[in-house]
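Text of work_31.csv, listed as CSV, C-alpha atoms:
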chain,number,residue,atom,x,y,z
A,1,MET,CA,5.9,-65.7,-17.5
A,2,ARG,CA,7.9,-67.7,-14.9
A,3,SER,CA,9.9,-70.7,-16.2
A,4,SER,CA,8.4,-72.9,-13.5
A,5,ASN,CA,4.8,-72.3,-14.8
A,6,ARG,CA,5.7,-72.2,-18.4
A,7,ARG,CA,4.5,-75.0,-20.7
A,8,PRO,CA,5.5,-75.6,-24.4
A,9,ASN,CA,3.2,-73.9,-26.9
A,10,TRP,CA,2.2,-77.1,-28.7
A,11,TRP,CA,-0.4,-75.2,-30.7
A,12,VAL,CA,2.4,-73.3,-32.5
A,13,LEU,CA,4.0,-76.6,-33.5
A,14,TYR,CA,0.6,-78.0,-34.7
A,15,THR,CA,0.1,-74.8,-36.7
A,16,ILE,CA,3.5,-75.2,-38.4
A,17,ALA,CA,2.7,-78.8,-39.3
A,18,ALA,CA,-0.7,-77.8,-40.7
A,19,LEU,CA,0.8,-75.0,-42.7
A,20,PHE,CA,3.5,-77.3,-44.1
A,21,VAL,CA,0.9,-79.7,-45.3
A,22,LEU,CA,-1.2,-76.9,-46.8
A,23,VAL,CA,1.8,-75.3,-48.6
A,24,LEU,CA,2.9,-78.6,-50.0
A,25,PHE,CA,-0.6,-79.3,-51.2
A,26,LEU,CA,-0.8,-75.9,-52.9
A,27,GLU,CA,2.7,-76.4,-54.4
A,28,VAL,CA,1.7,-79.7,-56.0
A,29,THR,CA,-1.5,-78.2,-57.5
A,30,ILE,CA,0.3,-75.2,-59.2
A,31,PRO,CA,1.7,-76.2,-62.6
A,32,LEU,CA,5.4,-75.4,-62.7
A,33,SER,CA,8.4,-76.7,-64.5
A,34,GLU,CA,10.2,-79.6,-62.9
A,35,THR,CA,13.3,-77.7,-61.8
A,36,VAL,CA,11.2,-74.9,-60.3
A,37,GLN,CA,9.0,-77.3,-58.5
A,38,CYS,CA,12.0,-79.3,-57.1
A,39,SER,CA,13.7,-76.1,-55.9
A,40,LEU,CA,10.4,-74.8,-54.4
A,41,GLU,CA,10.0,-78.1,-52.5
A,42,ILE,CA,13.5,-77.9,-51.1
A,43,THR,CA,12.9,-74.3,-50.1
A,44,ILE,CA,9.6,-75.1,-48.4
A,45,THR,CA,11.1,-78.1,-46.5
A,46,LEU,CA,14.1,-76.0,-45.3
A,47,LEU,CA,11.8,-73.2,-44.2
A,48,PHE,CA,9.6,-75.4,-42.2
A,49,TYR,CA,12.5,-77.4,-40.7
A,50,SER,CA,14.0,-74.0,-39.6
A,51,LEU,CA,10.6,-73.0,-38.1
A,52,VAL,CA,10.5,-76.3,-36.1
A,53,TRP,CA,14.1,-75.8,-35.0
A,54,ARG,CA,13.3,-72.3,-33.8
A,55,TRP,CA,10.2,-73.6,-31.9
A,56,LEU,CA,12.4,-76.2,-30.2
A,57,GLY,CA,14.9,-73.5,-29.2
A,58,VAL,CA,12.2,-71.3,-27.8
A,59,ASN,CA,10.4,-74.1,-25.9
A,60,GLU,CA,13.6,-76.0,-24.7
A,61,ARG,CA,13.3,-74.9,-21.1
A,62,ALA,CA,9.6,-75.7,-21.0
A,63,LEU,CA,10.2,-79.1,-22.5
A,64,MET,CA,12.9,-79.9,-20.0
A,65,HIS,CA,10.7,-78.7,-17.1
A,66,GLU,CA,7.9,-81.0,-18.4
A,67,ASP,CA,10.4,-83.9,-18.5
A,68,MET,CA,11.6,-83.2,-15.0
A,69,GLN,CA,8.0,-83.1,-13.7
A,70,ARG,CA,7.3,-86.5,-15.4
A,71,GLU,CA,10.4,-88.0,-13.8
A,72,ARG,CA,9.3,-86.6,-10.4
A,73,LYS,CA,5.9,-88.2,-10.7
A,74,GLN,CA,7.5,-91.6,-11.7
A,75,LYS,CA,9.8,-91.4,-8.6
A,76,LEU,CA,6.8,-90.7,-6.3
A,77,ARG,CA,4.9,-93.6,-7.9
A,78,LEU,CA,7.8,-95.9,-7.3
A,79,LEU,CA,8.1,-94.7,-3.7
A,80,LYS,CA,4.3,-95.5,-3.2
A,81,VAL,CA,4.8,-99.0,-4.6
A,82,ARG,CA,7.8,-99.6,-2.3
A,83,ALA,CA,5.7,-98.4,0.6
A,84,LEU,CA,3.0,-100.9,-0.2
A,85,LYS,CA,5.4,-103.8,-0.7
A,86,PRO,CA,7.9,-103.5,2.1
A,87,ALA,CA,9.0,-107.1,1.7
A,88,LEU,CA,10.3,-106.4,-1.8
A,89,VAL,CA,12.2,-103.3,-0.7
A,90,ALA,CA,13.7,-104.6,2.6
A,91,GLY,CA,15.2,-107.6,0.9
A,92,ALA,CA,13.0,-109.9,3.0
A,93,SER,CA,12.7,-113.6,2.4
A,94,ALA,CA,10.7,-115.1,-0.5
A,95,THR,CA,8.0,-116.2,1.9
A,96,GLU,CA,7.4,-112.7,3.2
A,97,TYR,CA,7.4,-111.4,-0.4
A,98,TRP,CA,4.7,-113.8,-1.5
A,99,ARG,CA,2.6,-113.0,1.6
A,100,SER,CA,2.8,-109.3,1.1
A,101,PRO,CA,-0.5,-107.5,0.5
A,102,GLY,CA,-1.6,-107.4,-3.0
A,103,MET,CA,0.5,-110.4,-4.1
A,104,LEU,CA,-2.5,-112.7,-3.9
A,105,LYS,CA,-4.5,-110.4,-6.2
A,106,THR,CA,-1.6,-110.3,-8.7
A,107,VAL,CA,-1.2,-114.1,-8.7
A,108,VAL,CA,-5.0,-114.7,-9.2
A,109,ALA,CA,-5.1,-112.1,-12.0
A,110,TRP,CA,-2.2,-113.9,-13.8
A,111,ILE,CA,-3.8,-117.3,-13.4
A,112,ILE,CA,-7.1,-116.0,-14.8
A,113,ALA,CA,-5.4,-114.3,-17.7
A,114,ILE,CA,-3.4,-117.4,-18.6
A,115,ALA,CA,-6.5,-119.6,-18.3
A,116,LEU,CA,-8.4,-117.3,-20.6
A,117,ALA,CA,-5.6,-117.3,-23.1
A,118,ILE,CA,-5.4,-121.1,-23.1
A,119,TYR,CA,-9.2,-121.3,-23.4
A,120,ARG,CA,-9.3,-119.0,-26.4
A,121,PHE,CA,-6.4,-120.9,-28.0
A,122,ILE,CA,-8.1,-124.3,-27.5
A,123,GLN,CA,-11.6,-123.2,-28.4
A,124,PRO,CA,-12.4,-124.0,-32.1
Represent the structure from my file as structure tokens, please.
Amino acid sequence: MRSSNRRPNWWVLYTIAALFVLVLFLEVTIPLSETVQCSLEITITLLFYSLVWRWLGVNERALMHEDMQRERKQKLRLLKVRALKPALVAGASATEYWRSPGMLKTVVAWIIAIALAIYRFIQP
């Protein structure tokens, strides 16, 4: 499988977590001496931490690729916002900024939200 198309195998991590809960539940139900039970809990915990560590090592490249895709999407979204609000990007005057498209909707939405909050606060 190519690294560009590879996604982390989340189902493996979920299976490890479910097995961890199941094994700990079984360990609690089995009657053992206190020292054996404590050493068994430590062994189980170390085993499952090593399995998660191994999963992270195997899926490291896929996780990094997923993170890079998320950053790329955020940059594209930011570029779209800048394209819609040229007054904000170009460093234009405050008058041009307030007259930019969409600003009226934003101001009206804020006024309505504040009015509703005040109304709910005042209402008995």
Residue neighbourhood region 37-44 of chain A, 8 Å, only C-alpha atoms, exclusion window fewer than 2 positions, as an mmCIF file with C-alpha atoms, keeping the file's coordinate frame:
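out_30.cif, freshly written:
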data_model
loop_
_atom_site.group_PDB
_atom_site.id
_atom_site.type_symbol
_atom_site.label_atom_id
_atom_site.label_comp_id
_atom_site.auth_asym_id
_atom_site.auth_seq_id
_atom_site.Cartn_x
_atom_site.Cartn_y
_atom_site.Cartn_z
ATOM 1 C CA PHE A 20 3.500 -77.300 -44.100
ATOM 2 C CA VAL A 23 1.800 -75.300 -48.600
ATOM 3 C CA LEU A 24 2.900 -78.600 -50.000
ATOM 4 C CA GLU A 27 2.700 -76.400 -54.400
ATOM 5 C CA LEU A 32 5.400 -75.400 -62.700
ATOM 6 C CA SER A 33 8.400 -76.700 -64.500
ATOM 7 C CA GLU A 34 10.200 -79.600 -62.900
ATOM 8 C CA THR A 35 13.300 -77.700 -61.800
ATOM 9 C CA LEU A 46 14.100 -76.000 -45.300
ATOM 10 C CA LEU A 47 11.800 -73.200 -44.200
ATOM 11 C CA PHE A 48 9.600 -75.400 -42.200
#
Could you pull the residues within 8 Å of region 51-66 of chain A, counting only C-alpha atoms, minus those fewer than 3 positions along the same chain, as an NGL selection string?
:A and (3-4 or 6-9 or 12-13 or 16 or 47-48 or 69-70)
Using CA of Asp67 (chain A) and CA of Ala18 (chain A) as the two end points, give the distance in Å to one decimal.
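Interatomic distance here is 25.6 Å.
The space separating CA of Pro31 (chain A) from CA of Thr45 (chain A) comes to 18.7 Å.
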For CA of Tyr49 (chain A) and CA of Phe25 (chain A), determine how far apart the two atoms are, in Å to one decimal place.
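About the pair CA of Tyr49 (chain A) and CA of Phe25 (chain A): they are 16.9 Å apart.
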